[in-house]
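S.K.: You'll find coords-v3.cif just under this line, and it carries mmCIF, C-alpha atoms (C1' of nucleotides).
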```
data_final
loop_
_atom_site.label_atom_id
_atom_site.label_comp_id
_atom_site.auth_asym_id
_atom_site.auth_seq_id
_atom_site.Cartn_x
_atom_site.Cartn_y
_atom_site.Cartn_z
CA MET A 1128 6.61 -23.81 -29.62
CA THR A 1129 5.76 -20.95 -31.91
CA GLN A 1130 6.99 -17.44 -31.30
CA PHE A 1131 3.51 -16.24 -30.38
CA SER A 1132 1.72 -19.04 -28.62
CA GLU A 1133 -1.64 -18.85 -26.89
CA VAL A 1134 0.25 -17.94 -23.76
CA VAL A 1135 -0.05 -14.19 -23.44
CA MET A 1136 3.33 -12.64 -23.99
CA ALA A 1137 4.39 -10.68 -20.95
CA LEU A 1138 5.35 -7.12 -21.76
CA ASP A 1139 8.85 -5.78 -21.27
CA LEU A 1140 9.27 -4.04 -17.91
CA GLY A 1141 12.37 -2.20 -19.01
CA PRO A 1142 14.32 -0.68 -16.09
CA LEU A 1143 11.48 -1.60 -13.72
CA ASP A 1144 12.71 -5.20 -13.62
CA SER A 1145 15.60 -4.07 -11.44
CA HIS A 1146 14.00 -1.04 -9.80
CA VAL A 1147 14.20 -1.59 -6.05
CA GLY A 1148 11.03 0.38 -5.29
CA TYR A 1149 8.96 -1.42 -7.90
CA LEU A 1150 10.29 -4.80 -6.79
CA LEU A 1151 9.62 -4.02 -3.13
CA ARG A 1152 6.02 -3.12 -3.92
CA ARG A 1153 5.32 -6.20 -6.01
CA ALA A 1154 7.12 -8.45 -3.52
CA GLN A 1155 5.16 -6.96 -0.62
CA LEU A 1156 1.87 -7.54 -2.41
CA ALA A 1157 2.79 -11.15 -3.22
CA VAL A 1158 3.86 -11.88 0.36
CA PHE A 1159 0.80 -10.19 1.86
CA ALA A 1160 -1.43 -12.15 -0.51
CA ASP A 1161 -0.03 -15.33 1.02
CA ILE A 1162 -0.72 -14.45 4.66
CA LEU A 1163 -3.94 -12.49 4.15
CA PRO A 1164 -6.34 -15.47 4.05
CA SER A 1165 -4.91 -16.97 7.26
CA LEU A 1166 -5.40 -13.69 9.10
CA ALA A 1167 -8.83 -13.09 7.55
CA GLU A 1168 -10.03 -16.39 9.02
CA HIS A 1169 -9.74 -14.65 12.38
CA ASP A 1170 -11.08 -11.33 11.06
CA VAL A 1171 -7.67 -9.76 11.54
CA SER A 1172 -5.76 -7.46 9.18
CA PRO A 1173 -1.95 -7.27 8.93
CA ALA A 1174 -2.13 -4.00 10.87
CA ASP A 1175 -4.24 -5.68 13.56
CA TYR A 1176 -1.71 -8.49 13.86
CA ALA A 1177 1.17 -6.04 14.19
CA VAL A 1178 -0.69 -4.05 16.86
CA LEU A 1179 -1.50 -7.14 18.91
CA THR A 1180 2.12 -8.25 18.69
CA VAL A 1181 3.50 -4.92 19.89
CA ILE A 1182 0.99 -4.62 22.74
CA ASP A 1183 1.86 -8.15 23.85
CA ARG A 1184 5.55 -7.28 23.94
CA ASN A 1185 4.98 -3.89 25.60
CA PRO A 1186 2.08 -4.17 28.01
CA GLY A 1187 1.10 -0.82 29.49
CA ALA A 1188 2.36 1.19 26.53
CA GLY A 1189 0.21 4.13 25.43
CA GLN A 1190 -1.83 4.33 22.25
CA SER A 1191 0.31 6.91 20.51
CA GLN A 1192 3.47 5.02 21.41
CA VAL A 1193 2.19 1.81 19.85
CA ALA A 1194 0.84 3.67 16.84
CA GLU A 1195 4.07 5.54 16.18
CA THR A 1196 6.15 2.37 16.56
CA LEU A 1197 4.19 0.84 13.70
CA GLY A 1198 4.04 3.97 11.56
CA ILE A 1199 0.31 4.40 12.11
CA GLN A 1200 -1.01 7.90 12.74
CA LYS A 1201 -2.61 8.26 16.14
CA THR A 1202 -5.77 9.57 14.51
CA ASN A 1203 -6.16 6.44 12.38
CA PHE A 1204 -5.24 4.26 15.33
CA VAL A 1205 -8.38 5.18 17.27
CA PRO A 1206 -10.98 3.14 15.33
CA LEU A 1207 -8.54 0.23 15.03
CA ILE A 1208 -7.89 -0.07 18.75
CA ARG A 1209 -11.52 0.63 19.64
CA ARG A 1210 -12.61 -2.27 17.48
CA MET A 1211 -10.15 -4.57 19.25
CA GLU A 1212 -11.41 -3.39 22.59
CA ALA A 1213 -14.99 -4.05 21.47
CA ARG A 1214 -13.93 -7.56 20.42
CA GLY A 1215 -12.52 -8.17 23.89
CA LEU A 1216 -8.95 -8.58 22.65
CA VAL A 1217 -7.43 -5.45 24.15
CA LEU A 1218 -7.82 -3.72 27.49
CA ARG A 1219 -7.69 0.09 27.56
CA ALA A 1220 -6.97 1.28 31.07
CA PRO A 1221 -6.19 4.76 32.33
CA SER A 1222 -2.46 5.20 32.82
CA PRO A 1223 -1.51 5.44 36.51
CA THR A 1224 1.22 8.02 35.80
CA ASP A 1225 -0.35 10.19 33.09
CA ARG A 1226 -4.05 10.87 33.10
CA ARG A 1227 -4.01 11.78 29.41
CA SER A 1228 -2.70 8.39 28.42
CA VAL A 1229 -4.43 5.07 27.87
CA ALA A 1230 -2.40 2.00 28.83
CA LEU A 1231 -2.89 -0.91 26.44
CA SER A 1232 -2.67 -4.59 27.26
CA LEU A 1233 -4.01 -7.85 25.87
CA THR A 1234 -6.87 -9.72 27.47
CA ALA A 1235 -6.67 -13.50 27.87
CA ALA A 1236 -8.70 -13.77 24.67
CA GLY A 1237 -6.25 -11.43 22.96
CA GLU A 1238 -3.31 -13.56 24.08
CA ALA A 1239 -5.04 -16.71 22.90
CA LEU A 1240 -5.83 -15.24 19.50
CA LEU A 1241 -2.30 -13.89 19.12
CA ALA A 1242 -0.85 -17.34 19.75
CA ARG A 1243 -2.91 -18.70 16.87
CA LEU A 1244 -1.90 -15.76 14.67
CA HIS A 1245 1.78 -16.33 15.43
CA ALA A 1246 1.39 -19.97 14.39
CA ALA A 1247 -0.26 -18.92 11.11
CA ALA A 1248 2.46 -16.32 10.56
CA GLN A 1249 5.18 -18.89 11.11
CA ALA A 1250 3.60 -21.25 8.59
CA HIS A 1251 3.43 -18.33 6.16
CA ILE A 1252 7.08 -17.43 6.73
CA ASP A 1253 8.03 -21.06 6.14
CA ARG A 1254 6.22 -20.96 2.78
CA VAL A 1255 8.04 -17.79 1.76
CA ARG A 1256 11.36 -19.28 2.83
CA ASP A 1257 10.65 -22.49 0.94
CA HIS A 1258 9.68 -20.55 -2.16
CA LEU A 1259 12.86 -18.48 -2.10
CA GLY A 1260 15.26 -21.08 -0.80
CA ALA A 1261 16.97 -20.64 2.55
CA ASP A 1262 19.99 -18.84 1.09
CA ARG A 1263 17.99 -16.20 -0.76
CA TYR A 1264 15.65 -15.77 2.21
CA ASP A 1265 18.51 -15.21 4.60
CA ALA A 1266 20.16 -12.76 2.20
CA LEU A 1267 16.91 -10.79 2.06
CA LEU A 1268 16.28 -10.04 5.73
CA GLU A 1269 19.31 -7.92 6.61
CA PRO A 1270 18.97 -5.34 3.81
CA LEU A 1271 15.23 -5.19 4.45
CA GLN A 1272 15.79 -4.45 8.12
CA ARG A 1273 18.19 -1.69 7.16
CA LEU A 1274 15.64 -0.09 4.83
CA ALA A 1275 12.72 -0.64 7.20
CA SER A 1276 14.52 1.12 10.06
CA VAL A 1277 14.79 4.38 8.14
CA SER A 1278 12.94 6.81 10.35
CA ARG A 1279 9.96 8.38 8.72
CA PRO A 1280 9.05 12.01 9.19
CA SER A 1281 7.26 12.54 12.52
CA MET B 381 23.46 8.00 29.01
CA THR B 382 20.73 7.02 31.39
CA GLN B 383 18.49 4.07 30.80
CA PHE B 384 15.52 6.31 30.02
CA SER B 385 16.76 9.42 28.27
CA GLU B 386 14.66 12.10 26.65
CA VAL B 387 14.87 10.06 23.48
CA VAL B 388 11.62 8.18 23.28
CA MET B 389 12.30 4.52 23.83
CA ALA B 390 11.25 2.53 20.84
CA LEU B 391 8.92 -0.29 21.71
CA ASP B 392 9.83 -3.93 21.23
CA LEU B 393 8.64 -5.26 17.87
CA GLY B 394 8.93 -8.88 18.98
CA PRO B 395 8.82 -11.32 16.05
CA LEU B 396 7.94 -8.46 13.68
CA ASP B 397 11.58 -7.39 13.59
CA SER B 398 12.32 -10.40 11.40
CA HIS B 399 8.92 -10.85 9.76
CA VAL B 400 9.48 -10.70 6.01
CA GLY B 401 6.05 -9.23 5.26
CA TYR B 402 6.33 -6.49 7.87
CA LEU B 403 9.86 -5.64 6.75
CA LEU B 404 8.83 -5.55 3.10
CA ARG B 405 6.04 -3.11 3.89
CA ARG B 406 8.15 -0.77 5.99
CA ALA B 407 11.02 -0.93 3.49
CA GLN B 408 8.67 -0.20 0.60
CA LEU B 409 7.25 2.83 2.38
CA ALA B 410 10.73 4.16 3.19
CA VAL B 411 11.94 3.71 -0.39
CA PHE B 412 8.79 5.24 -1.88
CA ALA B 413 9.11 8.19 0.50
CA ASP B 414 12.52 8.86 -1.05
CA ILE B 415 11.42 8.94 -4.68
CA LEU B 416 7.96 10.44 -4.17
CA PRO B 417 9.00 14.12 -4.06
CA SER B 418 11.04 13.81 -7.28
CA LEU B 419 8.07 12.33 -9.11
CA ALA B 420 5.61 14.77 -7.56
CA GLU B 421 7.59 17.67 -9.04
CA HIS B 422 6.34 16.41 -12.38
CA ASP B 423 2.86 15.59 -11.07
CA VAL B 424 3.56 11.90 -11.55
CA SER B 425 2.77 9.01 -9.19
CA PRO B 426 4.81 5.80 -8.93
CA ALA B 427 2.05 4.05 -10.88
CA ASP B 428 2.19 6.75 -13.58
CA TYR B 429 5.93 6.30 -13.87
CA ALA B 430 5.59 2.54 -14.21
CA VAL B 431 2.89 2.91 -16.86
CA LEU B 432 4.94 5.35 -18.94
CA THR B 433 7.94 3.03 -18.73
CA VAL B 434 6.00 -0.01 -19.91
CA ILE B 435 4.32 1.86 -22.77
CA ASP B 436 7.69 3.19 -23.88
CA ARG B 437 9.10 -0.33 -23.98
CA ASN B 438 6.00 -1.83 -25.62
CA PRO B 439 4.54 0.71 -28.04
CA GLY B 440 1.24 -0.44 -29.51
CA ALA B 441 0.35 -2.63 -26.54
CA GLY B 442 -3.28 -2.58 -25.43
CA GLN B 443 -4.60 -1.01 -22.23
CA SER B 444 -5.47 -4.23 -20.47
CA GLN B 445 -2.12 -5.74 -21.40
CA VAL B 446 -0.22 -2.83 -19.85
CA ALA B 447 -2.51 -2.80 -16.82
CA GLU B 448 -2.17 -6.52 -16.17
CA THR B 449 1.61 -6.38 -16.56
CA LEU B 450 1.73 -3.88 -13.71
CA GLY B 451 -0.89 -5.58 -11.55
CA ILE B 452 -3.40 -2.78 -12.09
CA GLN B 453 -7.02 -3.73 -12.69
CA LYS B 454 -8.23 -2.64 -16.09
CA THR B 455 -11.14 -0.82 -14.44
CA ASN B 456 -8.80 1.31 -12.33
CA PHE B 457 -6.51 1.82 -15.29
CA VAL B 458 -9.08 3.84 -17.23
CA PRO B 459 -8.91 7.14 -15.32
CA LEU B 460 -5.12 6.84 -15.01
CA ILE B 461 -4.51 6.48 -18.75
CA ARG B 462 -7.18 9.04 -19.62
CA ARG B 463 -5.43 11.59 -17.47
CA MET B 464 -2.15 10.92 -19.24
CA GLU B 465 -3.86 11.27 -22.59
CA ALA B 466 -5.38 14.57 -21.45
CA ARG B 467 -1.90 15.74 -20.43
CA GLY B 468 -0.61 14.93 -23.89
CA LEU B 469 1.80 12.26 -22.67
CA VAL B 470 0.11 9.20 -24.14
CA LEU B 471 -1.54 8.50 -27.49
CA ARG B 472 -4.57 6.21 -27.54
CA ALA B 473 -5.14 4.93 -31.05
CA PRO B 474 -7.57 2.29 -32.29
CA SER B 475 -5.77 -1.00 -32.80
CA PRO B 476 -5.42 -1.90 -36.49
CA THR B 477 -5.95 -5.61 -35.82
CA ASP B 478 -8.62 -5.58 -33.08
CA ARG B 479 -11.32 -2.96 -33.05
CA ARG B 480 -12.01 -3.54 -29.37
CA SER B 481 -8.47 -2.66 -28.40
CA VAL B 482 -6.75 0.67 -27.83
CA ALA B 483 -3.08 0.78 -28.81
CA LEU B 484 -0.98 2.87 -26.43
CA SER B 485 2.14 4.82 -27.26
CA LEU B 486 4.05 7.79 -25.89
CA THR B 487 3.92 11.21 -27.49
CA ALA B 488 7.12 13.24 -27.89
CA ALA B 489 6.18 15.05 -24.69
CA GLY B 490 5.69 11.69 -22.98
CA GLU B 491 9.12 10.52 -24.11
CA ALA B 492 10.70 13.75 -22.93
CA LEU B 493 9.06 13.55 -19.52
CA LEU B 494 9.99 9.88 -19.14
CA ALA B 495 13.64 10.70 -19.79
CA ARG B 496 13.56 13.16 -16.89
CA LEU B 497 11.76 10.65 -14.70
CA HIS B 498 14.33 7.97 -15.47
CA ALA B 499 17.09 10.38 -14.43
CA ALA B 500 15.29 11.13 -11.16
CA ALA B 501 14.74 7.41 -10.61
CA GLN B 502 18.42 6.67 -11.14
CA ALA B 503 19.43 9.32 -8.62
CA HIS B 504 16.97 7.77 -6.20
CA ILE B 505 18.32 4.27 -6.77
CA ASP B 506 21.84 5.58 -6.19
CA ARG B 507 20.71 7.01 -2.84
CA VAL B 508 19.18 3.69 -1.81
CA ARG B 509 22.30 1.83 -2.88
CA ASP B 510 24.51 4.26 -0.98
CA HIS B 511 22.37 3.92 2.11
CA LEU B 512 22.50 0.13 2.04
CA GLY B 513 26.02 -0.34 0.74
CA ALA B 514 26.65 -1.99 -2.60
CA ASP B 515 26.91 -5.49 -1.15
CA ARG B 516 23.59 -5.38 0.70
CA TYR B 517 21.89 -3.70 -2.26
CA ASP B 518 23.09 -6.37 -4.65
CA ALA B 519 22.03 -9.12 -2.26
CA LEU B 520 18.57 -7.61 -2.12
CA LEU B 521 17.57 -7.53 -5.79
CA GLU B 522 17.57 -11.22 -6.67
CA PRO B 523 15.28 -12.42 -3.87
CA LEU B 524 13.00 -9.45 -4.48
CA GLN B 525 12.71 -10.34 -8.17
CA ARG B 526 11.85 -13.88 -7.20
CA LEU B 527 9.07 -12.73 -4.88
CA ALA B 528 7.83 -10.02 -7.25
CA SER B 529 7.43 -12.51 -10.09
CA VAL B 530 4.92 -14.60 -8.17
CA SER B 531 1.86 -14.51 -10.37
CA ARG B 532 -1.11 -12.98 -8.72
CA PRO B 533 -4.63 -14.32 -9.10
CA SER B 534 -6.12 -13.21 -12.43
"C1'" DT C 1213 3.35 25.38 25.31
"C1'" DA C 1214 3.42 20.54 24.20
"C1'" DT C 1215 1.28 15.99 24.30
"C1'" DT C 1216 -2.61 12.32 24.48
"C1'" DG C 1217 -6.53 10.98 22.62
"C1'" DT C 1218 -10.50 12.27 19.91
"C1'" DT C 1219 -13.90 13.62 15.97
"C1'" DA C 1220 -14.82 14.89 11.41
"C1'" DT C 1221 -13.47 14.82 6.93
"C1'" DA C 1222 -11.16 14.23 2.47
"C1'" DC C 1223 -8.33 11.95 -0.71
"C1'" DT C 1224 -6.12 8.06 -2.82
"C1'" DC C 1225 -6.04 3.00 -3.84
"C1'" DT C 1226 -8.21 -0.87 -4.70
"C1'" DA C 1227 -12.28 -4.05 -5.51
"C1'" DT C 1228 -16.95 -5.55 -7.58
"C1'" DA C 1229 -20.94 -5.45 -10.62
"C1'" DA C 1230 -22.74 -4.51 -14.82
"C1'" DC C 1231 -22.68 -2.82 -19.37
"C1'" DT C 1232 -21.07 -2.17 -24.92
"C1'" DA C 1233 -18.83 -3.49 -28.79
"C1'" DT C 1234 -16.29 -6.43 -30.70
"C1'" DA C 1235 -13.86 -11.21 -31.34
"C1'" DT D 914 -18.79 -17.43 -25.20
"C1'" DA D 915 -14.90 -14.71 -24.19
"C1'" DT D 916 -12.30 -10.37 -24.29
"C1'" DA D 917 -11.29 -4.98 -24.38
"C1'" DG D 918 -12.71 -1.10 -22.59
"C1'" DT D 919 -16.03 1.47 -19.84
"C1'" DT D 920 -19.08 3.38 -15.91
"C1'" DA D 921 -20.61 3.60 -11.32
"C1'" DT D 922 -19.81 2.59 -6.81
"C1'" DA D 923 -18.09 0.87 -2.45
"C1'" DG D 924 -14.50 -0.14 0.66
"C1'" DA D 925 -9.92 0.19 2.50
"C1'" DG D 926 -5.92 3.00 3.87
"C1'" DT D 927 -4.04 7.26 4.77
"C1'" DA D 928 -3.94 12.43 5.42
"C1'" DT D 929 -5.12 17.17 7.64
"C1'" DA D 930 -7.59 20.34 10.80
"C1'" DA D 931 -9.38 21.22 15.00
"C1'" DC D 932 -10.62 20.26 19.64
"C1'" DA D 933 -10.66 18.90 25.13
"C1'" DA D 934 -8.05 17.26 28.83
"C1'" DT D 935 -3.79 17.03 30.85
"C1'" DA D 936 1.30 17.63 31.32
#
```
Rewrite the structure from the file as structure tokens, please.

M.R.:
Amino acid sequence: MTQFSEVVMALDLGPLDSHVGYLLRRAQLAVFADILPSLAEHDVSPADYAVLTVIDRNPGAGQSQVAETLGIQKTNFVPLIRRMEARGLVLRAPSPTDRRSVALSLTAAGEALLARLHAAAQAHIDRVRDHLGADRYDALLEPLQRLASVSRPS
Amino acid sequence: MTQFSEVVMALDLGPLDSHVGYLLRRAQLAVFADILPSLAEHDVSPADYAVLTVIDRNPGAGQSQVAETLGIQKTNFVPLIRRMEARGLVLRAPSPTDRRSVALSLTAAGEALLARLHAAAQAHIDRVRDHLGADRYDALLEPLQRLASVSRPS
DNA sequence: TATTGTTATACTCTATAACTATA
DNA sequence: TATAGTTATAGAGTATAACAATA
């Protein structure tokens, strides 16, 4: 093996190779790249999947509540949720207690799709865990939860 | 403390609260939000900072080599590097060995700015480490490096 | 006055196709 | 034929301003 083989020499990342922000970004892209095709089969984005999951767990919650929980601005949430309604996955009903608010819930079709998405997500998580090894995977989750729970500016 | 105080009840995330992809995304956004203002003071984006760092560590490297190292498409790299050249931070010289290639290096101004950026980055990393605690921070880096080093499709 | 949902709009990031000049 | 750099362009994702209806 010569010093400069046909294999392209990777450049030196310098301090980036232990920069938590850089590593988080690259890791997020790699992990998303793994689950993206499974979701795309159902014409669903990661944001869509998260929204369906939260509505399922919190039926009757309002749009802005769901949006804020996921860090999505209410203004950007409108086309997303309207598309899901148009697809027959989500029901948008007037709130009985607040006439400004729209209560969200999943339709039967939405529940059925979500079940399939959860299965795909679990298979994806298993791949990530296998790739990392159980010990490294387990060590990862707690610090990530701590960072992820940092409240963003409202 | 009543069950439903004025504090808005956070909705249930369901399986998302331990979904590695969701946590990576939220964690990345939180960490970026911390360093963003420091970089913005110098009119520098996270991508700019990464590019300057890699050029500094690999003077003479070509555009596409630097771009690929950072997961940036060469086509999107053009306006980024041209802006840095226009700001007098980066030198784009014809490669002596390959007339197709542009050899990148930092100017004195680029080196000076990068030193200030590295200082800001270190302060940021210290904040993240303090927030997490040294043990959780240390546990985080190795699995992240493993995930971040997954080669993306060329 | 504040909040829910809405429209319109702009800006950044990222992706694709096609080209040139070199190798 | 393949690669380095380029242009043009299109699509996401995200951001701000302003508004109507309701609290």

S.K.: May I have the residues within 10 Å of DA925 (chain D) as a ChimeraX atom specification, using only C-alpha atoms (C1' of nucleotides) and disregarding those fewer than 3 positions away in the same chain?

M.R.: /C:1225-1227

S.K.: With C-alpha atoms (C1' of nucleotides) kept, could you save the residues just selected as a JSON list (two decimals), in the frame of the given file?

M.R.:
```json
[["chain", "number", "residue", "atom", "x", "y", "z"],
["C", 1225, "DC", "C1'", -6.04, 3.00, -3.84],
["C", 1226, "DT", "C1'", -8.21, -0.87, -4.70],
["C", 1227, "DA", "C1'", -12.28, -4.05, -5.51]]
```

S.K.: Can you move chain B onto chain A by a least-squares fit over all C-alpha atoms paired in order, then give me the moved copy as a short mmCIF file (atom, residue, chain, number, x, y, z; two decimals) with C-alpha atoms, keeping the file's coordinate frame?

M.R.:
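To be explicit, this is the file written out as part.cif:
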```cif
data_model
loop_
_atom_site.label_atom_id
_atom_site.label_comp_id
_atom_site.auth_asym_id
_atom_site.auth_seq_id
_atom_site.Cartn_x
_atom_site.Cartn_y
_atom_site.Cartn_z
CA MET B 381 6.87 -23.70 -29.10
CA THR B 382 6.09 -20.90 -31.47
CA GLN B 383 7.21 -17.37 -30.88
CA PHE B 384 3.67 -16.24 -30.08
CA SER B 385 1.85 -19.05 -28.34
CA GLU B 386 -1.55 -18.88 -26.71
CA VAL B 387 0.25 -17.88 -23.54
CA VAL B 388 -0.08 -14.14 -23.33
CA MET B 389 3.30 -12.59 -23.88
CA ALA B 390 4.33 -10.59 -20.89
CA LEU B 391 5.29 -7.06 -21.76
CA ASP B 392 8.79 -5.71 -21.28
CA LEU B 393 9.21 -3.98 -17.92
CA GLY B 394 12.33 -2.13 -19.03
CA PRO B 395 14.27 -0.64 -16.10
CA LEU B 396 11.43 -1.58 -13.73
CA ASP B 397 12.65 -5.17 -13.65
CA SER B 398 15.54 -4.05 -11.46
CA HIS B 399 13.96 -1.01 -9.81
CA VAL B 400 14.17 -1.57 -6.06
CA GLY B 401 10.99 0.39 -5.30
CA TYR B 402 8.91 -1.41 -7.91
CA LEU B 403 10.25 -4.79 -6.80
CA LEU B 404 9.59 -4.01 -3.15
CA ARG B 405 5.99 -3.13 -3.93
CA ARG B 406 5.28 -6.19 -6.03
CA ALA B 407 7.07 -8.46 -3.54
CA GLN B 408 5.13 -6.96 -0.64
CA LEU B 409 1.83 -7.54 -2.42
CA ALA B 410 2.75 -11.15 -3.24
CA VAL B 411 3.82 -11.89 0.34
CA PHE B 412 0.76 -10.20 1.84
CA ALA B 413 -1.48 -12.15 -0.54
CA ASP B 414 -0.06 -15.33 1.00
CA ILE B 415 -0.75 -14.49 4.63
CA LEU B 416 -3.96 -12.52 4.14
CA PRO B 417 -6.38 -15.49 4.02
CA SER B 418 -4.94 -16.99 7.24
CA LEU B 419 -5.43 -13.71 9.08
CA ALA B 420 -8.85 -13.10 7.54
CA GLU B 421 -10.08 -16.39 9.01
CA HIS B 422 -9.76 -14.65 12.36
CA ASP B 423 -11.09 -11.33 11.06
CA VAL B 424 -7.67 -9.78 11.53
CA SER B 425 -5.77 -7.47 9.17
CA PRO B 426 -1.97 -7.28 8.90
CA ALA B 427 -2.13 -4.03 10.86
CA ASP B 428 -4.25 -5.70 13.56
CA TYR B 429 -1.72 -8.50 13.84
CA ALA B 430 1.16 -6.06 14.18
CA VAL B 431 -0.69 -4.07 16.84
CA LEU B 432 -1.50 -7.16 18.91
CA THR B 433 2.12 -8.27 18.69
CA VAL B 434 3.49 -4.94 19.88
CA ILE B 435 1.00 -4.65 22.74
CA ASP B 436 1.86 -8.17 23.84
CA ARG B 437 5.55 -7.30 23.93
CA ASN B 438 5.00 -3.91 25.58
CA PRO B 439 2.08 -4.18 28.01
CA GLY B 440 1.13 -0.83 29.49
CA ALA B 441 2.40 1.17 26.52
CA GLY B 442 0.27 4.11 25.43
CA GLN B 443 -1.79 4.30 22.23
CA SER B 444 0.34 6.87 20.47
CA GLN B 445 3.51 4.99 21.39
CA VAL B 446 2.22 1.77 19.84
CA ALA B 447 0.87 3.63 16.81
CA GLU B 448 4.10 5.50 16.16
CA THR B 449 6.16 2.32 16.54
CA LEU B 450 4.18 0.79 13.69
CA GLY B 451 4.06 3.92 11.54
CA ILE B 452 0.32 4.36 12.09
CA GLN B 453 -0.98 7.87 12.70
CA LYS B 454 -2.56 8.22 16.10
CA THR B 455 -5.73 9.55 14.47
CA ASN B 456 -6.13 6.42 12.35
CA PHE B 457 -5.22 4.25 15.30
CA VAL B 458 -8.34 5.18 17.25
CA PRO B 459 -10.95 3.15 15.34
CA LEU B 460 -8.52 0.22 15.02
CA ILE B 461 -7.87 -0.08 18.76
CA ARG B 462 -11.50 0.63 19.64
CA ARG B 463 -12.58 -2.27 17.48
CA MET B 464 -10.14 -4.57 19.24
CA GLU B 465 -11.40 -3.38 22.60
CA ALA B 466 -14.98 -4.03 21.47
CA ARG B 467 -13.93 -7.55 20.43
CA GLY B 468 -12.52 -8.15 23.89
CA LEU B 469 -8.95 -8.58 22.66
CA VAL B 470 -7.42 -5.44 24.13
CA LEU B 471 -7.79 -3.69 27.49
CA ARG B 472 -7.66 0.10 27.55
CA ALA B 473 -6.93 1.30 31.06
CA PRO B 474 -6.17 4.80 32.31
CA SER B 475 -2.44 5.22 32.81
CA PRO B 476 -1.49 5.44 36.49
CA THR B 477 1.23 8.01 35.82
CA ASP B 478 -0.34 10.19 33.09
CA ARG B 479 -4.03 10.89 33.08
CA ARG B 480 -3.97 11.79 29.40
CA SER B 481 -2.65 8.39 28.42
CA VAL B 482 -4.38 5.07 27.84
CA ALA B 483 -2.36 2.01 28.81
CA LEU B 484 -2.86 -0.91 26.42
CA SER B 485 -2.66 -4.58 27.24
CA LEU B 486 -3.99 -7.85 25.87
CA THR B 487 -6.86 -9.72 27.47
CA ALA B 488 -6.68 -13.51 27.86
CA ALA B 489 -8.70 -13.77 24.67
CA GLY B 490 -6.24 -11.43 22.95
CA GLU B 491 -3.31 -13.56 24.07
CA ALA B 492 -5.04 -16.71 22.89
CA LEU B 493 -5.83 -15.25 19.48
CA LEU B 494 -2.30 -13.89 19.10
CA ALA B 495 -0.87 -17.35 19.74
CA ARG B 496 -2.93 -18.70 16.84
CA LEU B 497 -1.92 -15.77 14.65
CA HIS B 498 1.75 -16.33 15.41
CA ALA B 499 1.37 -19.98 14.36
CA ALA B 500 -0.29 -18.93 11.10
CA ALA B 501 2.43 -16.33 10.55
CA GLN B 502 5.16 -18.92 11.07
CA ALA B 503 3.57 -21.26 8.54
CA HIS B 504 3.41 -18.35 6.13
CA ILE B 505 7.05 -17.44 6.69
CA ASP B 506 8.01 -21.08 6.10
CA ARG B 507 6.18 -20.97 2.76
CA VAL B 508 8.01 -17.80 1.73
CA ARG B 509 11.33 -19.28 2.79
CA ASP B 510 10.61 -22.48 0.88
CA HIS B 511 9.65 -20.53 -2.20
CA LEU B 512 12.82 -18.46 -2.13
CA GLY B 513 15.23 -21.07 -0.85
CA ALA B 514 16.95 -20.64 2.49
CA ASP B 515 19.96 -18.83 1.04
CA ARG B 516 17.96 -16.18 -0.80
CA TYR B 517 15.61 -15.76 2.17
CA ASP B 518 18.49 -15.21 4.55
CA ALA B 519 20.12 -12.76 2.16
CA LEU B 520 16.90 -10.80 2.04
CA LEU B 521 16.27 -10.03 5.71
CA GLU B 522 19.28 -7.91 6.59
CA PRO B 523 18.94 -5.34 3.79
CA LEU B 524 15.20 -5.19 4.41
CA GLN B 525 15.77 -4.45 8.10
CA ARG B 526 18.17 -1.71 7.13
CA LEU B 527 15.62 -0.09 4.83
CA ALA B 528 12.70 -0.64 7.20
CA SER B 529 14.51 1.11 10.04
CA VAL B 530 14.77 4.37 8.13
CA SER B 531 12.94 6.82 10.34
CA ARG B 532 9.97 8.37 8.70
CA PRO B 533 9.04 12.02 9.09
CA SER B 534 7.29 12.59 12.43
#
```

S.K.: Which is closest to DA934 (chain D) among A:Gln1190, A:Thr1234, A:Arg1227, A:Leu1150, if we use all atoms listed in the file?

M.R.: A:Arg1227

S.K.: Enter the distance from CA of Ile452 (chain B) to CA of Ile505 (chain B), in Å, rounded to one decimal.

M.R.: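 Going from CA of Ile452 (chain B) over to CA of Ile505 (chain B) covers 23.4 Å.
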
S.K.: Would you write out, as a list in words, every residue that the PyMOL selection byres ((chain D) within 12 of (chain A)) captures in this file?

M.R.: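 Given this file, the PyMOL selection byres ((chain D) within 12 of (chain A)) evaluates to DA925, DG926, DT927, DA928, DT929, DA930, DA933, DA934, DT935 and DA936 of chain D.
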
S.K.: Report as a VMD selection string the set of chain A residues whose atoms approach chain B to within 8 Å, with distances computed over only C-alpha atoms.

M.R.: chain A and resid 1137 to 1148 1150 to 1155 1157 to 1159 1177 1180 to 1181 1184 to 1185 1192 to 1193 1196 1252 1259 1263 to 1264 1266 to 1279

S.K.: What does the PyMOL selection byres ((chain C) within 9 of (chain A)) select in this file, as a VMD selection string?

M.R.: chain C and resid 1215 to 1218

S.K.: Suppose you want the space between CA of Gly1237 (chain A) and C1' of DG924 (chain D); what is it in Å?

M.R.: 26.3 Å

S.K.: May I ask for the distance between CA of Leu471 (chain B) and CA of Ala483 (chain B), given in Å to one decimal place?

M.R.: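 A separation of 8.0 Å between them.
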
S.K.: On this structure, which residues satisfy the PyMOL selection byres ((chain C and resi 1219) around 9), written as a list in words?

M.R.: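 Given this file, the PyMOL selection byres ((chain C and resi 1219) around 9) evaluates to DT1218 and DA1220 of chain C; DA931 and DC932 of chain D.
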
S.K.: For each of B:Pro459, B:Ala499, B:Gly440, B:Leu416, take the minimum atom-to-atom distance to DT919 (chain D), counting only C-alpha atoms (C1' of nucleotides), then give the residue where this is smallest.

M.R.: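 Among the listed residues, the smallest separation from DT919 (chain D) belongs to B:Pro459.
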